[in-house]
file final_31.txt (compact mmCIF, C-alpha atoms)
# COMPACT_ATOMS: atom_id res chain seq x y z
CA MET A 17 70.78 33.24 114.24
CA SER A 18 68.72 36.22 113.17
CA LYS A 19 68.60 37.37 116.71
CA ARG A 20 72.39 37.31 116.80
CA ARG A 21 72.69 39.39 113.62
CA ASP A 22 70.35 41.94 115.07
CA GLU A 23 72.56 42.10 118.09
CA GLY A 24 75.62 42.64 115.85
CA LEU A 25 74.00 45.51 114.02
CA THR A 26 73.06 47.10 117.24
CA ARG A 27 76.62 46.85 118.45
CA ARG A 28 77.92 48.41 115.22
CA GLN A 29 75.42 51.19 115.46
CA LEU A 30 76.48 51.73 119.03
CA ALA A 31 80.15 51.88 117.99
CA GLY A 32 79.32 54.35 115.20
CA GLY A 33 77.42 56.43 117.67
CA LEU A 34 80.39 56.47 120.01
CA VAL A 35 82.72 57.64 117.23
CA ALA A 36 80.32 60.42 116.33
CA VAL A 37 80.08 61.47 119.95
CA SER A 38 83.86 61.50 120.40
CA LEU A 39 84.41 63.51 117.18
CA ALA A 40 81.79 66.13 117.96
CA PRO A 41 83.75 67.92 120.70
CA LEU A 42 86.81 68.11 118.41
CA ALA A 43 84.90 69.89 115.68
CA SER A 44 83.18 72.31 118.04
CA GLY A 45 86.50 72.79 119.85
CA SER A 46 88.27 74.21 116.79
CA ARG A 47 85.27 76.43 116.06
CA ALA A 48 85.31 77.69 119.64
CA LYS A 49 89.03 78.51 119.37
CA ALA A 50 88.44 80.62 116.25
CA ASP A 51 85.53 82.37 117.95
CA ASP A 52 87.81 82.97 120.90
CA GLN A 53 90.44 84.67 118.73
CA LEU A 54 87.84 86.97 117.19
CA SER A 55 86.13 87.78 120.48
CA ALA A 56 89.48 88.29 122.23
CA ALA A 57 90.61 90.66 119.48
CA LEU A 58 87.28 92.47 119.67
CA GLU A 59 87.62 92.89 123.41
CA SER A 60 91.18 94.23 123.09
CA VAL A 61 89.84 96.83 120.65
CA THR A 62 86.70 97.83 122.57
CA GLY A 63 87.96 97.32 126.11
CA GLY A 64 84.78 95.35 126.79
CA ALA A 65 82.38 98.03 125.51
CA ALA A 66 79.22 96.94 123.70
CA VAL A 67 79.43 96.57 119.91
CA THR A 68 76.38 97.22 117.72
CA GLU A 69 76.06 95.42 114.42
CA GLY A 70 75.49 97.80 111.52
CA ARG A 71 76.60 101.15 110.01
CA VAL A 72 79.77 99.34 108.86
CA LYS A 73 79.96 97.96 105.35
CA LEU A 74 82.78 95.48 104.76
CA GLU A 75 83.35 94.69 101.09
CA ILE A 76 85.55 91.65 100.56
CA PRO A 77 85.33 88.89 97.95
CA SER A 78 83.42 85.87 99.28
CA LEU A 79 85.91 83.62 97.51
CA ALA A 80 89.64 84.37 97.35
CA GLU A 81 91.76 82.12 95.18
CA ASN A 82 94.91 83.72 96.54
CA GLY A 83 95.14 84.43 100.27
CA PHE A 84 98.34 86.45 99.82
CA SER A 85 96.45 89.53 98.73
CA VAL A 86 92.75 89.96 99.38
CA PRO A 87 91.34 93.42 98.61
CA LEU A 88 88.87 94.90 101.05
CA THR A 89 86.99 98.18 101.47
CA VAL A 90 85.32 99.39 104.64
CA SER A 91 82.84 102.25 104.69
CA VAL A 92 81.05 103.57 107.75
CA GLU A 93 77.90 105.68 107.86
CA SER A 94 79.03 108.86 109.58
CA PRO A 95 78.73 112.63 108.96
CA MET A 96 82.48 112.95 109.80
CA THR A 97 82.08 116.23 111.65
CA ALA A 98 84.17 117.34 114.63
CA GLU A 99 81.31 116.30 116.96
CA ASP A 100 80.44 113.02 115.27
CA HIS A 101 83.08 111.12 113.34
CA VAL A 102 84.76 107.75 113.06
CA ARG A 103 87.94 107.71 115.12
CA ALA A 104 89.27 104.36 113.94
CA ILE A 105 88.47 101.34 111.80
CA HIS A 106 89.89 97.97 112.84
CA ILE A 107 90.13 94.82 110.73
CA LEU A 108 89.97 91.63 112.79
CA SER A 109 90.66 88.11 111.59
CA GLU A 110 89.30 84.87 112.99
CA LYS A 111 92.17 82.58 111.98
CA ASN A 112 95.23 84.65 110.98
CA PRO A 113 98.35 84.41 113.21
CA VAL A 114 97.76 88.10 113.99
CA ALA A 115 94.11 88.71 114.83
CA HIS A 116 94.24 92.52 114.72
CA VAL A 117 95.34 92.88 111.09
CA VAL A 118 95.29 96.64 110.62
CA ARG A 119 94.04 99.79 112.29
CA PHE A 120 93.08 102.94 110.36
CA ASN A 121 92.99 106.22 112.26
CA LEU A 122 90.56 108.79 110.88
CA THR A 123 89.85 112.41 111.71
CA PRO A 124 87.08 114.89 110.80
CA ARG A 125 89.49 115.98 108.06
CA SER A 126 89.04 112.57 106.46
CA GLY A 127 85.73 113.84 105.08
CA ARG A 128 84.44 110.37 104.42
CA ALA A 129 84.82 107.18 106.47
CA LYS A 130 85.97 104.88 103.73
CA VAL A 131 89.26 102.98 103.51
CA SER A 132 90.66 100.26 101.27
CA THR A 133 93.64 97.95 101.51
CA SER A 134 94.75 94.39 100.74
CA ILE A 135 95.37 91.83 103.46
CA ARG A 136 96.70 88.29 103.82
CA MET A 137 94.32 85.47 104.71
CA ALA A 138 95.68 82.32 106.36
CA ASP A 139 92.48 80.29 106.02
CA THR A 140 88.81 80.26 105.19
CA GLN A 141 87.38 82.42 107.93
CA ARG A 142 85.25 85.27 109.20
CA VAL A 143 86.56 88.85 108.90
CA MET A 144 85.23 91.66 111.05
CA ALA A 145 85.48 95.43 110.60
CA VAL A 146 84.97 97.46 113.77
CA ALA A 147 84.36 101.21 113.75
CA GLU A 148 85.31 103.23 116.81
CA MET A 149 83.18 106.39 116.94
CA SER A 150 84.15 109.76 118.45
CA ASP A 151 81.51 109.30 121.19
CA GLY A 152 83.19 106.04 122.25
CA SER A 153 80.60 103.69 120.74
CA PHE A 154 81.48 100.75 118.51
CA TYR A 155 79.83 99.36 115.38
CA SER A 156 80.76 96.28 113.41
CA GLY A 157 80.31 94.54 110.10
CA THR A 158 81.36 90.98 109.27
CA ALA A 159 81.97 88.90 106.17
CA ASP A 160 82.83 85.26 105.57
CA ILE A 161 85.56 84.46 103.08
CA ILE A 162 86.60 81.18 101.50
CA VAL A 163 90.35 81.01 100.81
CA THR A 164 91.62 78.48 98.27
CA LEU A 165 95.37 79.15 98.56
CA SER A 166 96.26 80.34 102.03
CA ALA A 167 99.03 82.76 103.00
CA CYS A 168 101.29 82.32 106.06
CA ILE A 169 102.04 78.68 105.24
CA ASP A 170 105.53 77.30 104.60
CA GLY A 171 107.09 79.05 101.66
CA GLY A 172 104.30 81.63 101.88
CA MET B 9 116.08 98.73 100.67
CA ASN B 10 114.43 99.80 97.50
CA THR B 11 111.26 101.31 98.84
CA SER B 12 109.22 103.59 96.69
CA THR B 13 105.70 104.84 96.89
CA ARG B 14 103.11 105.84 94.37
CA ILE B 15 100.43 108.35 95.29
CA VAL B 16 97.40 108.86 93.13
CA ILE B 17 95.18 111.89 93.65
CA PRO B 18 92.62 113.64 91.44
CA LYS B 19 94.24 116.13 89.07
CA THR B 20 91.89 118.98 89.84
CA VAL B 21 89.77 119.48 92.91
CA THR B 22 87.67 122.23 94.40
CA ARG B 23 88.35 123.49 97.89
CA GLY B 24 86.22 121.62 100.43
CA GLU B 25 85.68 118.64 98.15
CA VAL B 26 86.18 115.15 99.61
CA ILE B 27 88.86 113.46 97.54
CA GLU B 28 90.18 109.92 97.54
CA ILE B 29 93.93 109.39 97.85
CA LYS B 30 95.35 106.05 96.75
CA THR B 31 98.84 104.99 97.78
CA LEU B 32 100.98 102.00 96.93
CA ILE B 33 104.17 101.30 98.88
CA LYS B 34 106.74 99.04 97.28
CA HIS B 35 107.67 96.85 100.23
CA PRO B 36 107.96 93.04 100.79
CA MET B 37 106.04 93.08 104.14
CA GLU B 38 108.10 90.06 105.16
CA THR B 39 105.98 88.20 107.72
CA GLY B 40 108.76 86.60 109.77
CA TYR B 41 107.07 83.21 109.33
CA ARG B 42 108.96 82.17 106.20
CA ARG B 43 112.24 80.24 106.03
CA ASP B 44 114.95 80.50 103.41
CA HIS B 45 116.47 77.53 101.53
CA ARG B 46 118.77 76.75 104.49
CA GLY B 47 115.87 76.61 106.91
CA GLN B 48 116.74 79.93 108.54
CA VAL B 49 113.82 82.15 109.53
CA ILE B 50 113.64 85.22 107.29
CA PRO B 51 113.43 88.14 109.73
CA ARG B 52 110.22 90.12 109.92
CA HIS B 53 110.40 93.33 107.91
CA ILE B 54 107.20 95.32 107.63
CA VAL B 55 105.85 98.84 107.33
CA LYS B 56 104.38 99.45 110.77
CA ARG B 57 102.99 102.92 110.48
CA PHE B 58 101.68 105.09 107.68
CA VAL B 59 100.82 108.76 108.20
CA ALA B 60 99.23 111.26 105.83
CA ILE B 61 99.94 114.87 106.77
CA TYR B 62 98.05 117.64 105.04
CA ASN B 63 99.36 121.16 105.56
CA GLY B 64 100.83 120.09 108.88
CA THR B 65 97.63 118.36 109.99
CA GLU B 66 97.45 114.60 110.33
CA VAL B 67 94.38 113.60 108.33
CA PHE B 68 94.83 109.84 108.24
CA SER B 69 97.14 107.18 109.62
CA ALA B 70 97.32 103.41 109.71
CA ASP B 71 98.98 100.85 112.00
CA LEU B 72 99.95 97.84 109.93
CA THR B 73 100.98 94.28 110.82
CA GLN B 74 102.34 91.35 108.83
CA GLY B 75 98.69 90.58 108.02
CA VAL B 76 98.77 93.31 105.38
CA ALA B 77 99.70 92.07 101.90
CA ALA B 78 103.08 92.78 100.30
CA ASN B 79 103.31 96.14 98.52
CA PRO B 80 100.67 97.67 100.81
CA TYR B 81 97.84 99.46 99.07
CA LEU B 82 96.03 102.09 101.10
CA ALA B 83 93.15 104.24 99.92
CA PHE B 84 91.51 106.87 102.08
CA SER B 85 89.69 110.18 101.81
CA THR B 86 90.39 113.72 102.86
CA VAL B 87 88.93 117.18 102.43
CA ALA B 88 90.84 119.07 99.73
CA GLU B 89 92.42 122.27 101.01
CA GLY B 90 95.83 122.95 99.49
CA ALA B 91 99.34 121.57 99.16
CA ALA B 92 99.83 118.13 100.72
CA ARG B 93 102.71 115.95 101.81
CA SER B 94 102.57 112.21 102.52
CA VAL B 95 105.01 110.53 104.90
CA SER B 96 105.52 106.82 105.34
CA ASN B 97 107.69 104.87 107.79
CA GLY B 98 109.33 108.05 109.06
CA SER B 99 110.67 109.34 105.77
CA THR B 100 109.17 111.74 103.27
CA ILE B 101 108.18 109.83 100.19
CA SER B 102 106.38 112.30 98.01
CA ALA B 103 105.11 115.83 97.78
CA ILE B 104 101.81 116.46 96.07
CA ARG B 105 100.09 119.66 95.17
CA ILE B 106 96.37 120.07 94.90
CA ARG B 107 95.31 122.62 92.34
CA LYS B 108 92.25 124.71 92.64
CA ARG B 109 89.77 124.56 89.81
CA SER B 110 90.18 127.76 87.79
CA LYS B 111 86.53 128.83 87.80
call {"tool": "encode", "arguments": {"input": "final_31.txt", "output": "structure tokens"}}
result
Amino acid sequence: MSKRRDEGLTRRQLAGGLVAVSLAPLASGSRAKADDQLSAALESVTGGAAVTEGRVKLEIPSLAENGFSVPLTVSVESPMTAEDHVRAIHILSEKNPVAHVVRFNLTPRSGRAKVSTSIRMADTQRVMAVAEMSDGSFYSGTADIIVTLSACIDGG
Amino acid sequence: MNTSTRIVIPKTVTRGEVIEIKTLIKHPMETGYRRDHRGQVIPRHIVKRFVAIYNGTEVFSADLTQGVAANPYLAFSTVAEGAARSVSNGSTISAIRIRKRSK
């Protein structure tokens, strides 16, 4: 009798294990898709060039109650001279329908590499700011944002 | 389409100073994802390009998508030199003058 119960438990544990195993690829699959969108957007911006983390400060609230308008500010450490300046700042989204949200084009006449705007956020996700320097190098800064009410949904 | 733009700049600046220019465009930035009450897709209608021209020199521009919030807010910097004009979506929206500090 007791032997039988033991057997039953084992079988249940086995079944539970199988469910866990079959769910695991689903979860990692959706994560991989989001990563793909961000890395694909990054590659379309850089053309495959290496991106260094740093020099880019992305200020965005960590929690947005309203995804329809999320304020953000990007500043890049740069002297902004004719020889050494930021050529462009790109905002990339992990889960928005459009990954490359906005592109800012700067010149030495900008004086300071700092821009602000408000964007829509479809979901809780990672946001990346990429700075394209005048020498062709790329720097990035990222931030994670939790979105309570998402934009881009029906009626949005 | 009732599109208007507000531009905020410092009242007085000295030549060579880096100033921040804040702009607000009154525009729905319709995404093209929404449907009206009859289930028809509301066509996409967005500001695609924003250009700031300063004495004939382009000092800043932006390429926007439907990912930018309605009534786009853009803030950027430039080196103060003289009279400035800001152009958005192909049409002149405002003329601003930068005064030199009297001293």
call {"tool": "atom_distance", "arguments": {"input": "final_31.txt", "atom1": "atom CA of B:Val67", "atom2": "atom CA of A:Glu99"}}
result
15.9 Å
call {"tool": "closest_atom_pairs", "arguments": {"input": "final_31.txt", "of": "chain A", "to": "chain B", "cutoff": "7 Å", "atoms": "all atoms listed in the file", "output": "CSV"}}
result
residue,atom,partner,partner_atom,distance
A:Phe84,CA,B:Ala77,CA,6.1
A:Ser85,CA,B:Ala77,CA,5.2
A:Val114,CA,B:Gly75,CA,6.5
A:Val117,CA,B:Gly75,CA,5.1
A:Val118,CA,B:Leu72,CA,4.9
A:Arg119,CA,B:Asp71,CA,5.1
A:Phe120,CA,B:Ala70,CA,4.3
A:Asn121,CA,B:Ser69,CA,5.0
A:Leu122,CA,B:Phe68,CA,5.1
A:Thr123,CA,B:Val67,CA,5.8
A:Arg125,CA,B:Val67,CA,5.4
A:Ser126,CA,B:Thr86,CA,4.0
A:Gly127,CA,B:Thr86,CA,5.2
A:Arg128,CA,B:Ser85,CA,5.9
A:Lys130,CA,B:Phe84,CA,6.1
A:Val131,CA,B:Phe84,CA,4.7
A:Ser132,CA,B:Ala83,CA,4.9
A:Thr133,CA,B:Leu82,CA,4.8
A:Ser134,CA,B:Ala77,CA,5.6
A:Ile135,CA,B:Val76,CA,4.2
A:Arg136,CA,B:Gly75,CA,5.2
A:Cys168,CA,B:Tyr41,CA,6.7
A:Asp170,CA,B:Arg42,CA,6.2
A:Gly171,CA,B:Arg42,CA,5.8
A:Gly172,CA,B:Arg42,CA,6.4
call {"tool": "atom_distance", "arguments": {"input": "final_31.txt", "atom1": "atom CA of A:Arg142", "atom2": "atom CA of A:Val61"}}
result
16.9 Å
call {"tool": "atom_distance", "arguments": {"input": "final_31.txt", "atom1": "atom CA of A:Asp151", "atom2": "atom CA of A:Leu58"}}
result
17.9 Å
call {"tool": "closest_residue", "arguments": {"input": "final_31.txt", "among": "A:Ile162, A:Met144, A:Ala104, A:Ala138", "to": "A:Leu74", "atoms": "only C-alpha atoms"}}
result
A:Met144
call {"tool": "axis_aligned_box", "arguments": {"input": "final_31.txt", "around": "stretch 71-82 of chain B", "padding_each_side": "4 Å", "output": "lines of an AutoDock Vina configuration file"}}
result
center_x = 99.7
center_y = 96.3
center_z = 105.3
size_x = 15.3
size_y = 19.5
size_z = 21.5
call {"tool": "residues_near_point", "arguments": {"input": "final_31.txt", "point": "(90.0, 94.9, 98.5)", "cutoff": "6 Å", "atoms": "all atoms listed in the file", "output": "ChimeraX atom specification"}}
result
/A:76,86-89,133-134
call {"tool": "residues_around", "arguments": {"input": "final_31.txt", "residues": "A:Leu54", "least_positions_apart": "2", "cutoff": "10 Å", "atoms": "only C-alpha atoms", "output": "number ranges by chain"}}
result
A: 48-52, 56-60, 108-112, 115-116, 142-144
call {"tool": "closest_residue", "arguments": {"input": "final_31.txt", "among": "B:Val21, B:Val16, B:Ile50, B:Ala60", "to": "B:Pro36", "atoms": "all atoms listed in the file"}}
result
B:Ile50
call {"tool": "closest_residue", "arguments": {"input": "final_31.txt", "among": "A:Thr97, A:Thr140, A:Gln53, A:Ser150", "to": "A:Asn82", "atoms": "only C-alpha atoms"}}
result
A:Thr140
call {"tool": "decode", "arguments": {"input": "final_31.txt", "residues": "stretch 70-90 of chain B", "atoms": "N, CA and C atoms", "output": "tab-separated table (two decimals), in the first residue's frame"}}
result
chain	number	residue	atom	x	y	z
B	70	ALA	N	15.31	65.94	-35.82
B	70	ALA	CA	14.85	64.69	-35.25
B	70	ALA	C	13.98	63.96	-36.25
B	71	ASP	N	14.14	62.63	-36.31
B	71	ASP	CA	13.28	61.77	-37.13
B	71	ASP	C	12.37	61.02	-36.18
B	72	LEU	N	11.07	61.31	-36.29
B	72	LEU	CA	10.11	60.76	-35.34
B	72	LEU	C	9.33	59.59	-35.94
B	73	THR	N	8.79	58.75	-35.09
B	73	THR	CA	7.89	57.67	-35.51
B	73	THR	C	6.63	57.75	-34.65
B	74	GLN	N	5.72	56.80	-34.86
B	74	GLN	CA	4.50	56.76	-34.05
B	74	GLN	C	4.81	56.39	-32.60
B	75	GLY	N	6.07	56.05	-32.31
B	75	GLY	CA	6.46	55.74	-30.93
B	75	GLY	C	6.62	56.98	-30.08
B	76	VAL	N	6.60	58.15	-30.71
B	76	VAL	CA	6.68	59.40	-29.95
B	76	VAL	C	5.27	59.79	-29.50
B	77	ALA	N	5.16	60.26	-28.27
B	77	ALA	CA	3.86	60.57	-27.68
B	77	ALA	C	3.15	61.69	-28.43
B	78	ALA	N	1.84	61.74	-28.31
B	78	ALA	CA	1.04	62.82	-28.89
B	78	ALA	C	1.53	64.16	-28.35
B	79	ASN	N	1.35	65.22	-29.14
B	79	ASN	CA	1.85	66.55	-28.81
B	79	ASN	C	3.35	66.49	-28.48
B	80	PRO	N	4.15	66.14	-29.50
B	80	PRO	CA	5.58	65.87	-29.25
B	80	PRO	C	6.30	67.03	-28.56
B	81	TYR	N	7.00	66.65	-27.51
B	81	TYR	CA	7.86	67.59	-26.78
B	81	TYR	C	9.29	67.28	-27.16
B	82	LEU	N	10.03	68.32	-27.56
B	82	LEU	CA	11.43	68.13	-27.90
B	82	LEU	C	12.23	69.23	-27.22
B	83	ALA	N	13.26	68.84	-26.50
B	83	ALA	CA	14.17	69.82	-25.91
B	83	ALA	C	15.58	69.48	-26.36
B	84	PHE	N	16.31	70.53	-26.75
B	84	PHE	CA	17.67	70.33	-27.23
B	84	PHE	C	18.47	71.58	-26.94
B	85	SER	N	19.76	71.53	-27.22
B	85	SER	CA	20.62	72.67	-26.92
B	85	SER	C	21.21	73.24	-28.19
B	86	THR	N	21.63	74.48	-28.10
B	86	THR	CA	22.39	75.08	-29.20
B	86	THR	C	23.24	76.22	-28.65
B	87	VAL	N	24.23	76.61	-29.45
B	87	VAL	CA	25.09	77.73	-29.05
B	87	VAL	C	24.42	79.02	-29.51
B	88	ALA	N	24.19	79.94	-28.60
B	88	ALA	CA	23.50	81.19	-28.92
B	88	ALA	C	24.36	82.07	-29.81
B	89	GLU	N	23.77	82.52	-30.94
B	89	GLU	CA	24.54	83.40	-31.82
B	89	GLU	C	23.76	84.62	-32.29
B	90	GLY	N	22.48	84.46	-32.60
B	90	GLY	CA	21.72	85.60	-33.10
B	90	GLY	C	20.28	85.20	-33.33
